[in-house]
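Please read the structure below before turning to the comments.
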Amino acid sequence: MYFLTGWPRRLLCPLRSAEEPFYIQPSSQRFYFALLSETQLSIWFSRPSVLIVSYIASVKAAAQFGFYQKAEWKPDDSMIAVVTAKGYILLFDVLGGRDEKSLYEPVYPKGSPRVKVTTGYKEEQCAPALSLEMKKPVDLEVPITSLQSLQEDLLVCTADGYLHVLHWDGLGSNGHKAICLTTIPFSLDLQSARGGPSLDLEGVYIRCMEYCVTLDGFAVVLSDGRLGFITPLSSSITADQLQGVWAADVFDGTCVAVNNKYRLMAFGCSSGSVLVYMIDTTTGSMQLSHKLELTPKHYPDIYNKTGSVKLICWSPDYSVVMVTWECGGLSLWSVFGAHLICTLGEDFAYHSDGTKKDPLKISSMSWGAEGYHLWVLPYKQERRKQEEEQQDVEMISPPHPSLQAGILQFHFIKSALTVNPCTTNQEQVLLHGEDRLYLTCGDPTQIHSTSDTHSHLHPRDGSPLHRPPNPDSSLSQGLSTLLGHKHWQVVQIHSTYLESNWPIRFAAIDSVGQCIAVAGRRGFAHYSLFTRKWKLFGNVTQEQNMTVTGGLAWWNNFVVVACYNFTDQQEQLRIYQRSSNLDNAFASVTKLHSDTLLLNVFRDMVILFRSDCSICLYSLEKRNDGPNPSVSVELLQEVSMSRYIPHPALVVSVTLTSVRTETGITLKAPQQACTAESIMLNLAGQLIMLQRDRSGPQVREKETPVVNKKLLPFCPPVVLAQCVENVWTTCRSNKKKRHLLEALWLSCGEAGMKVWLPLFPRDHRKPHSFLSRRIMLPFHINIYPLAVLFEDALVLGATNETVLYDGLQGSTEPLEALFPYCTVERTSQIYLHHILRQLLVRNLGEQALMLAQSCASLPYFPHVLELMVHVVLEEEATSREPIPDPLLPTVAKFITEFPLFLQTIVHCARKTEYALWNYLFAAVGNPKDLFEECLMAQDLDTAASYLIILQNMEVPAVSRQHATLLFNTALEQGKWDLCRHMIRFLKAIGSGEMESPPSTPSTQEPSSTGGFEFFRNRSISLSQSADAITTGKFNLQKTFSMPTGASAKGRDAECAENMYIDMMLWRHARHLLEQVRLRDLGCFSAQLGFELIGWLCRERNRVARVDDFVSALKKLHKDFLWPFPVIPVGSLNSPLKNGRCRTVLSAQLLKSQSADSLLNSDMDSAPPSTTPTNHTWMDGIGQRDKDMDTASSAHSDPHSPQTRDAFLSLLTNKVEEYSIGSATDLTETSSVVDGDWTMVEENSSALCLSQAELEHISMELANKGPHKSQVQLRYLLHVFMEAGCLEWCVVIGLILRDSNVIKQVISFLDNPEVPPETVQSVRNGLLAVDSWVSTDCLGYKPFLSLIQPQLQQLIEVTSEQVQPEAFQPASQTSKLSAAEGPGGAPTPRAEDNRGVVAPLGLALPSLEPTGGFPRLPSEDSPPEQTEEQGEEEGTYDCTLS
């Protein structure tokens, strides 16, 4: 409502004086302020804040009359009455300057457009030269306690118990009446006045008195502390015509201030609280409305030490009240008790080092014009005496600044709703200060864009989130612009307009938040955020000839203004277009019969409230017939309210709404729900509703022509609520959010907010007869509401923040530096959880569910549910009394309707203290069950949160069991962060450090560090050959011993818990290696610091074996996104026999390889056949693939008859096709440089050579995988080399096509320490690869021919080692019959072993150009199976960092 901003300004009196002012009294318009010191009367001007004139009494006059005490202005500002200590009233005439002279005049630069245009125009912006002339004094001979000005009379209360009525004009001669207080009958209410109990007022006088216009009476504080209200029963004030009521049980009143707009009387008490009374209209008694007091919750140090209330001051618009106490300090409350600011706490009361400040003691204060300033006179400070003494000693010649009389001016900015509560101001927060506007709207360019460029905060952060603007509703601004930051968009009001029309009285913003209009003393101006320009009247005479009286509002692109025209001397309703120049020529003018007090717009209607207590409805229609668009205004309806409204000034706001008590269920036509159904009137805090009377015969819309359509009359008014400060309603409609958009929102001061919510039957069923159509729900929020975002379920507000300033410490510190710097920050608050809770309390769970489901898409909806559980839990679990009907089980059941149930409960539990958990889980369910639900739903993060709860609520064994479950699941899904936390958690359980688990895993000794750590300090070059890895003789023993020595000692020392964790990690690593998931294994090792090398050393002869080289190679290609090597088609197209047929096949093969469908290429697409035999073998392959798939999946015996048939036919055909020539022919002249190869043809010309070179380069690029995969493969190669897993080194060497790796591994195989099984496995694996390459992947042929000598050497070595009796003699058509591997060890899979010796007879000739390894059927099926598995498991994306 009102917010303090900046530092207070200090005004210094130019006249040096030993006296300090102690009393300030504003004139009726608050343009002048009368200040009193002991013998001086000064008049100050408000803008600029300067001293105009000062009257200093002579020594003789001061001795005769006594010191000045109080002052009062005559309502027309022409006289000032001053009360003196010896019972005199001194009257001063305030005389204007002669010869039109001004004290201060503005000086314009040359060529300025704003110069004197009309007479009187310049005087508006000058400080006038006034003079004071004292008239004959009036002597009342008794000390005067209070002074009150009426229109023509001056009321004076004296200490002898008399009330004097004096005339301003003829003081002392005629019209002096004195009424004794004892003759006024006082009772508790007016009904018991005759003959009821009356107060004994002997010796009692009126200490303080103030007149209330709207109550037509005087609020008084008697000298014995009683509070009363005196009403004149007739128009004249005479003794027999006065009647008093007094408030029961109050005896400590000190002061009083009345609020004319809300008919309230605020009485200060010596206890420090302010009692706000209202008059009961039926009985006439004084009823306590509410109290204003500091709460021990927010001000524990000072709430009961403030002393008695010193002063109470209502703002000019009566929306806030300022209070100060004997001990000092200022505190601001809204009219119905919402606390806004207090200077007795926080940064106001303490220095930054924590020392307490002395609160500022105040002798008098007054609000400035329109409430933008508070003028404060501080007490004469104690330290001033010390300064005077210092000055006397030091004889400083220049005057000390603090010796001059000081006035503090506090600056305020206020909400536009205080004076102009129009509908468009209700969804934007618009604050206006003296010379600037504060807006909450964001960048205008972003408002219309629907792209969501803002990052979404996490719903659990508690802060409401950004959302892209809603493209459906043009009126609703995006949340992103309203909540994106805490800063304001500040618009400076145009200085030219301001200097002649200060102060700004009204401000209005349009519904999109892009245009603002302001109205000052005369005329108005408007501003567009889009163009960042102000529009002022081009003709200053037009501006100065009108004054806005009833406020202004926006309608589409027009400004609607209720104003008074000075030229025609009449009220008008004017509508100006925004885009055209601001000129009366472009305005639509409608004459009005009575003064307008309030104006509002609803859809295409304007509602006016007039000073004769009537309400007028006008329709607006845009016309485009002329050169400029204009608006036609038509009177629709007039409603007289004089029967219900005692005084027109009591109406705070008037609004047209579509709200009805029947929520549209009974309405047949849906569009009727959006018509103007009712009028909401805020009458002095009472919300009154007038509904349209539909009791008469209803006429259907279609039957009546629009022209003759007569609006329905209104029913008699109904009171909806009391103590209402603001009302929010919207004319938008949204079927999905009907609850929120058809509701009525009220702000009720200290009572918080209320919502009048419609209740709908579910699924269009017939409503229950006992269910009312609407329900009023109260709820508390922590901010002062300024705007309601209906669809977003948010309240926007503002709050005062302070910044401490440690200036000059010590006695010379200026007074204003005692205050922190004040800023105003935007705030927002979710209210949905309050409403849902209130509905559940009232057993309206179905309505709550409908409302919640309509808001479930809001980004902070999870936070809403969490808040609801949290608030109910805190209240019920900490209650001292047993709760007969607890709400928590209902809330828990309600939340289970939403998918976020599990997260909501666990987040709420972790934010509440442990003592409340049992109560919570008794209502929502066992945390073990909830944990298992999370695991089933794959929500591992939430499950981890439940684990912390289980750890605190269950025995360690239970939490270990659940932690193990979660750890294994996290490992499987590659959630590495969670895995690290789980390792720490499990170690904490084992070591008993449950309160503080170690933040990092315990460090290992460097010698035992495996995995990623091993290579962290090594640079792995991608181009370096594998020879550089080890130098000299290959020392296998060294590799073996490396991970065992130190780590064995470490293992003994570590607790069983670490062993338990290691076992789980080993098991997972084994699982990954068995499934040939090397990439996942690398991620796992790097992310969790797993000792991969040490583990591989131990598993070298167990799980770290490669059973099937071909399927492993294919799996690596897939995992690392590594392309299969291809051979350019041109290189195969050599002039050989059957060239055409072979080319077709090669092209087909290459095409299928590039499509990554290695296994199905044969059966997916058959090349054009040349001979009938081709048909048979292609069909045979298709059949064979299917058969083999079933055979391998069922793990059937591979030597079944059908397999043999397919095998024979395939082998014959393949040899037939491929024996004539092979790609190997072309690699005879390959240049062998680290796996590079170049095609060279003998008969090729120079052109062909260059083309071949280009092809070679492009092929090399095409055959390489991503750089990242290359790094990862090199890393894994190093790891396997270090661990001595030679089979894996061969596979990785093959995929990298690094001949040095293969050479090195084969040279290692000579080492006697290498077990013969490994040698045999490498040999068989390479032979299997060769046969696969010859048939399915010709791209590998050039590389295999590179390593041909090593292959030959390996085959020779192994054939020497192999026992001849283990195998049958090899020939081209022989079949493997023994399933025993070398050394008699049984091999894991029979299929793998068949490839060991079957092609031995074929092996030697196959290295010649004419042959190739024929593919065995058994080698084709296992890869197919593993590839399918790999596809299922390949859904987790892991990167090696």
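So you can find residues: chains in the structure tokens are A, B, ... in the order shown, residues in each start at 1, and ligands are numbered from 1 in order.
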
Self-check item: Test item: residues at most 12 Å from Glu571 in chain A, only C-alpha atoms, excluding those fewer than 4 positions along its chain, as a list in words
Solution: Asn545, Met546, Thr547, Val548, Thr549, Gly550, Val561, Ala562, Cys563, Tyr564, Asn565, Phe566, Thr567, Val589, Thr590, Lys591, Leu592, His593, Ser594, Asp595, Thr596, Leu597, Leu608, Arg610 and Ser611 of chain A

Practice problem: List the neighbours of range 933-949 of chain A out to 10 Å using only C-alpha atoms; skip same-chain residues closer than 2 positions along the sequence, and give me the result as a PyMOL selection string. | Solution: chain A and resi 902-907+909-910+914+917+927-931+951-954+958-960+962-963+965-967+969-970+973+975+978+981-982+985+994

Print the selection's residues with N, CA, C and O atoms to a file, as a short mmCIF file (atom, residue, chain, number, x, y, z; two decimals), in the first residue's frame.
```
data_model
loop_
_atom_site.label_atom_id
_atom_site.label_comp_id
_atom_site.auth_asym_id
_atom_site.auth_seq_id
_atom_site.Cartn_x
_atom_site.Cartn_y
_atom_site.Cartn_z
N LEU A 902 5.01 -39.17 -3.94
CA LEU A 902 6.20 -39.67 -3.23
C LEU A 902 7.21 -38.54 -2.98
O LEU A 902 7.76 -38.42 -1.88
N GLN A 903 7.45 -37.71 -4.01
CA GLN A 903 8.39 -36.60 -3.82
C GLN A 903 7.88 -35.63 -2.76
O GLN A 903 8.64 -35.16 -1.92
N THR A 904 6.60 -35.33 -2.84
CA THR A 904 6.03 -34.34 -1.92
C THR A 904 6.26 -34.75 -0.47
O THR A 904 6.73 -33.95 0.35
N ILE A 905 5.96 -36.02 -0.16
CA ILE A 905 6.08 -36.48 1.22
C ILE A 905 7.54 -36.43 1.69
O ILE A 905 7.85 -35.93 2.77
N VAL A 906 8.44 -36.89 0.83
CA VAL A 906 9.83 -36.98 1.30
C VAL A 906 10.45 -35.59 1.41
O VAL A 906 11.21 -35.31 2.35
N HIS A 907 10.09 -34.69 0.51
CA HIS A 907 10.65 -33.33 0.62
C HIS A 907 10.12 -32.64 1.86
O HIS A 907 10.85 -31.92 2.54
N ALA A 909 9.15 -34.15 4.59
CA ALA A 909 9.76 -34.76 5.77
C ALA A 909 11.16 -34.22 6.00
O ALA A 909 11.54 -33.90 7.13
N ARG A 910 11.91 -34.05 4.93
CA ARG A 910 13.30 -33.61 5.11
C ARG A 910 13.39 -32.15 5.49
O ARG A 910 14.42 -31.70 5.96
N TYR A 914 12.97 -34.01 12.92
CA TYR A 914 12.84 -35.45 13.07
C TYR A 914 11.70 -35.84 14.01
O TYR A 914 11.03 -36.84 13.83
N TRP A 917 8.38 -36.77 12.40
CA TRP A 917 8.30 -37.77 11.34
C TRP A 917 7.31 -38.89 11.65
O TRP A 917 6.60 -39.35 10.78
N PRO A 927 7.60 -45.63 5.53
CA PRO A 927 8.62 -45.17 4.58
C PRO A 927 9.25 -46.31 3.79
O PRO A 927 9.70 -46.11 2.67
N LYS A 928 9.26 -47.55 4.35
CA LYS A 928 9.82 -48.68 3.60
C LYS A 928 8.97 -48.96 2.37
O LYS A 928 9.49 -49.19 1.27
N ASP A 929 7.64 -48.92 2.56
CA ASP A 929 6.75 -49.15 1.41
C ASP A 929 6.90 -48.05 0.38
O ASP A 929 6.91 -48.31 -0.83
N LEU A 930 7.05 -46.82 0.87
CA LEU A 930 7.18 -45.69 -0.07
C LEU A 930 8.49 -45.80 -0.83
O LEU A 930 8.56 -45.49 -2.03
N PHE A 931 9.56 -46.26 -0.15
CA PHE A 931 10.85 -46.45 -0.80
C PHE A 931 10.72 -47.48 -1.93
O PHE A 931 11.21 -47.28 -3.04
N GLN A 951 17.18 -44.39 7.43
CA GLN A 951 18.39 -44.45 8.26
C GLN A 951 18.11 -43.92 9.66
O GLN A 951 18.63 -44.44 10.64
N ASN A 952 17.27 -42.89 9.73
CA ASN A 952 16.99 -42.30 11.04
C ASN A 952 15.89 -43.04 11.79
O ASN A 952 15.81 -42.96 13.01
N MET A 953 15.01 -43.73 11.04
CA MET A 953 13.87 -44.34 11.71
C MET A 953 14.01 -45.85 11.93
O MET A 953 13.28 -46.42 12.71
N GLU A 954 14.93 -46.50 11.19
CA GLU A 954 15.05 -47.96 11.29
C GLU A 954 16.44 -48.34 11.78
O GLU A 954 17.34 -47.51 11.84
N VAL A 958 18.33 -52.59 8.28
CA VAL A 958 17.26 -52.30 7.32
C VAL A 958 17.73 -51.26 6.31
O VAL A 958 17.53 -51.42 5.09
N SER A 959 18.38 -50.22 6.80
CA SER A 959 18.80 -49.19 5.85
C SER A 959 19.90 -49.72 4.95
O SER A 959 19.97 -49.33 3.78
N ARG A 960 20.76 -50.64 5.44
CA ARG A 960 21.79 -51.22 4.57
C ARG A 960 21.13 -52.04 3.47
O ARG A 960 21.52 -51.96 2.30
N HIS A 962 18.14 -51.70 2.17
CA HIS A 962 17.51 -50.83 1.17
C HIS A 962 18.55 -50.07 0.36
O HIS A 962 18.37 -49.84 -0.83
N ALA A 963 19.64 -49.68 1.04
CA ALA A 963 20.70 -48.95 0.33
C ALA A 963 21.33 -49.84 -0.73
O ALA A 963 21.67 -49.38 -1.82
N LEU A 965 19.89 -52.30 -2.36
CA LEU A 965 18.93 -52.35 -3.48
C LEU A 965 19.08 -51.13 -4.39
O LEU A 965 19.16 -51.24 -5.60
N LEU A 966 19.12 -49.96 -3.74
CA LEU A 966 19.19 -48.71 -4.50
C LEU A 966 20.53 -48.60 -5.22
O LEU A 966 20.60 -48.17 -6.38
N PHE A 967 21.61 -49.02 -4.56
CA PHE A 967 22.95 -48.93 -5.14
C PHE A 967 23.03 -49.78 -6.41
O PHE A 967 23.52 -49.33 -7.46
N THR A 969 20.57 -50.75 -8.32
CA THR A 969 19.74 -50.15 -9.38
C THR A 969 20.44 -48.94 -9.99
O THR A 969 20.43 -48.75 -11.21
N ALA A 970 21.06 -48.12 -9.16
CA ALA A 970 21.76 -46.92 -9.66
C ALA A 970 22.94 -47.33 -10.53
O ALA A 970 23.22 -46.70 -11.56
N GLN A 973 21.68 -48.32 -13.89
CA GLN A 973 21.18 -47.22 -14.72
C GLN A 973 22.22 -46.15 -14.97
O GLN A 973 21.96 -45.17 -15.65
N LYS A 975 23.58 -43.99 -12.87
CA LYS A 975 23.40 -42.73 -12.13
C LYS A 975 24.63 -42.57 -11.22
O LYS A 975 24.61 -42.98 -10.05
N LEU A 978 24.57 -40.51 -7.87
CA LEU A 978 23.84 -41.25 -6.84
C LEU A 978 24.70 -42.40 -6.31
O LEU A 978 24.73 -42.67 -5.10
N HIS A 981 27.15 -41.13 -3.82
CA HIS A 981 26.49 -40.86 -2.52
C HIS A 981 26.20 -42.16 -1.80
O HIS A 981 26.34 -42.25 -0.58
N MET A 982 25.79 -43.18 -2.56
CA MET A 982 25.44 -44.45 -1.92
C MET A 982 26.67 -45.11 -1.31
O MET A 982 26.59 -45.71 -0.24
N PHE A 985 27.29 -43.38 1.81
CA PHE A 985 26.23 -43.71 2.76
C PHE A 985 26.48 -45.09 3.38
O PHE A 985 26.40 -45.27 4.59
N MET A 994 26.90 -42.22 11.45
CA MET A 994 25.61 -41.93 10.82
C MET A 994 25.31 -40.45 10.83
O MET A 994 24.61 -39.96 9.97
#
```

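Each of A:Leu130, A:Tyr379, A:Thr423, A:Cys979 was checked against Glu19 in chain A using only C-alpha atoms; the smallest atom-to-atom distance is that of A:Tyr379.
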
All residues 6 Å or closer to range 23-27 of chain A, only C-alpha atoms, same chain fewer than 3 positions away omitted, as an mmCIF file with C-alpha atoms, in the first residue's frame:
```cif
data_model
loop_
_atom_site.group_PDB
_atom_site.id
_atom_site.type_symbol
_atom_site.label_atom_id
_atom_site.label_comp_id
_atom_site.auth_asym_id
_atom_site.auth_seq_id
_atom_site.Cartn_x
_atom_site.Cartn_y
_atom_site.Cartn_z
ATOM 1 C CA ARG A 30 -1.471 20.246 2.348
ATOM 2 C CA TYR A 32 1.326 24.819 3.204
ATOM 3 C CA PHE A 33 2.583 23.722 6.597
ATOM 4 C CA ALA A 34 2.442 25.824 9.739
ATOM 5 C CA LEU A 35 5.350 25.132 12.121
ATOM 6 C CA LEU A 36 5.457 26.316 15.696
ATOM 7 C CA TRP A 73 -5.806 26.401 9.755
ATOM 8 C CA SER A 364 5.002 16.148 15.755
#
```

Self-check item: Test item, alpha helix (DSSP H) assignment across range 802-901 of chain A, answer as a PyMOL selection string
Solution: chain A and resi 832-841+845-854+861-877+888-895+901

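For Gln686 in chain A, the non-local neighbours within 7 Å, defined as residues at least 3 positions apart in the same chain or in other chains and counting only C-alpha atoms, are Asn682, Leu683, Val719, Ala721, Gln722, Cys723 and Val724 of chain A.
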
Expected file: the selected residues, all heavy atoms, as a PDB file, in the first residue's frame:
```
ATOM      1  N   ASN A 682     -17.462  -1.187  -2.437  1.00  0.00           N
ATOM      2  CA  ASN A 682     -16.791  -1.199  -1.130  1.00  0.00           C
ATOM      3  C   ASN A 682     -17.215   0.059  -0.389  1.00  0.00           C
ATOM      4  O   ASN A 682     -16.761   1.162  -0.680  1.00  0.00           O
ATOM      5  CB  ASN A 682     -15.269  -1.236  -1.314  1.00  0.00           C
ATOM      6  CG  ASN A 682     -14.543  -1.372   0.016  1.00  0.00           C
ATOM      7  OD1 ASN A 682     -15.133  -1.251   1.087  1.00  0.00           O
ATOM      8  ND2 ASN A 682     -13.241  -1.620  -0.040  1.00  0.00           N
ATOM      9  N   LEU A 683     -18.127  -0.121   0.581  1.00  0.00           N
ATOM     10  CA  LEU A 683     -18.662   1.015   1.332  1.00  0.00           C
ATOM     11  C   LEU A 683     -17.984   1.036   2.700  1.00  0.00           C
ATOM     12  O   LEU A 683     -18.348   0.293   3.588  1.00  0.00           O
ATOM     13  CB  LEU A 683     -20.180   0.860   1.471  1.00  0.00           C
ATOM     14  CG  LEU A 683     -20.902   1.911   2.302  1.00  0.00           C
ATOM     15  CD1 LEU A 683     -20.829   3.272   1.638  1.00  0.00           C
ATOM     16  CD2 LEU A 683     -22.343   1.515   2.522  1.00  0.00           C
ATOM     17  N   VAL A 719     -24.607  -7.666   1.941  1.00  0.00           N
ATOM     18  CA  VAL A 719     -23.239  -7.473   2.458  1.00  0.00           C
ATOM     19  C   VAL A 719     -22.506  -8.811   2.384  1.00  0.00           C
ATOM     20  O   VAL A 719     -22.942  -9.809   2.947  1.00  0.00           O
ATOM     21  CB  VAL A 719     -23.258  -6.955   3.904  1.00  0.00           C
ATOM     22  CG1 VAL A 719     -21.838  -6.844   4.440  1.00  0.00           C
ATOM     23  CG2 VAL A 719     -23.950  -5.605   3.960  1.00  0.00           C
ATOM     24  N   ALA A 721     -18.857  -9.076   2.919  1.00  0.00           N
ATOM     25  CA  ALA A 721     -17.730  -9.173   3.859  1.00  0.00           C
ATOM     26  C   ALA A 721     -17.501  -7.830   4.512  1.00  0.00           C
ATOM     27  O   ALA A 721     -17.947  -6.780   4.024  1.00  0.00           O
ATOM     28  CB  ALA A 721     -16.467  -9.615   3.112  1.00  0.00           C
ATOM     29  N   GLN A 722     -16.800  -7.859   5.659  1.00  0.00           N
ATOM     30  CA  GLN A 722     -16.444  -6.639   6.397  1.00  0.00           C
ATOM     31  C   GLN A 722     -14.934  -6.417   6.293  1.00  0.00           C
ATOM     32  O   GLN A 722     -14.182  -7.320   5.951  1.00  0.00           O
ATOM     33  CB  GLN A 722     -16.809  -6.798   7.883  1.00  0.00           C
ATOM     34  CG  GLN A 722     -18.255  -7.156   8.140  1.00  0.00           C
ATOM     35  CD  GLN A 722     -19.165  -5.930   8.114  1.00  0.00           C
ATOM     36  OE1 GLN A 722     -18.699  -4.823   7.930  1.00  0.00           O
ATOM     37  NE2 GLN A 722     -20.450  -6.152   8.293  1.00  0.00           N
ATOM     38  N   CYS A 723     -14.506  -5.221   6.647  1.00  0.00           N
ATOM     39  CA  CYS A 723     -13.070  -4.869   6.736  1.00  0.00           C
ATOM     40  C   CYS A 723     -12.337  -5.142   5.422  1.00  0.00           C
ATOM     41  O   CYS A 723     -11.232  -5.674   5.416  1.00  0.00           O
ATOM     42  CB  CYS A 723     -12.387  -5.641   7.865  1.00  0.00           C
ATOM     43  SG  CYS A 723     -13.116  -5.322   9.462  1.00  0.00           S
ATOM     44  N   VAL A 724     -12.954  -4.785   4.306  1.00  0.00           N
ATOM     45  CA  VAL A 724     -12.346  -5.054   2.996  1.00  0.00           C
ATOM     46  C   VAL A 724     -11.547  -3.829   2.546  1.00  0.00           C
ATOM     47  O   VAL A 724     -12.062  -2.717   2.531  1.00  0.00           O
ATOM     48  CB  VAL A 724     -13.437  -5.397   1.961  1.00  0.00           C
ATOM     49  CG1 VAL A 724     -12.831  -5.588   0.579  1.00  0.00           C
ATOM     50  CG2 VAL A 724     -14.192  -6.634   2.396  1.00  0.00           C
TER      51      VAL A 724
END
```

Quiz item: Can you tell me, as number ranges by chain, what residues are no more than 7 Å from Phe779 in chain A when counting only C-alpha atoms, ignoring any on the same chain fewer than 4 positions away?
Solution: A: 752-754, 834

Self-check item: range 485-496 of chain A surroundings by only C-alpha atoms, 6 Å radius, close-in-sequence under 3 positions cut, as a list in words
Solution: Asp435, Arg436, Leu437, Tyr438, Leu439, Thr440, Glu499, Glu825 and Arg826 of chain A

Quiz item: Which polymer residues have any atom within 12 Å of an atom of Val606 in chain A, counting only C-alpha atoms, with same-chain residues fewer than 4 positions away left out, as a ChimeraX atom specification?
Solution: /A:422-423,552-555,559-562,573-575,598-602,615-621,632-638,654-657,676,679

Quiz item: Among range 494-726 of chain A, which residues carry a DSSP assignment of strand (DSSP E), reported as number ranges by chain?
Solution: A: 506-509, 515-519, 525-528, 533-535, 546-555, 558-565, 570-577, 587-591, 596-602, 605-610, 614-623, 630-640, 651-657, 678-683, 686-691, 718-721, 726
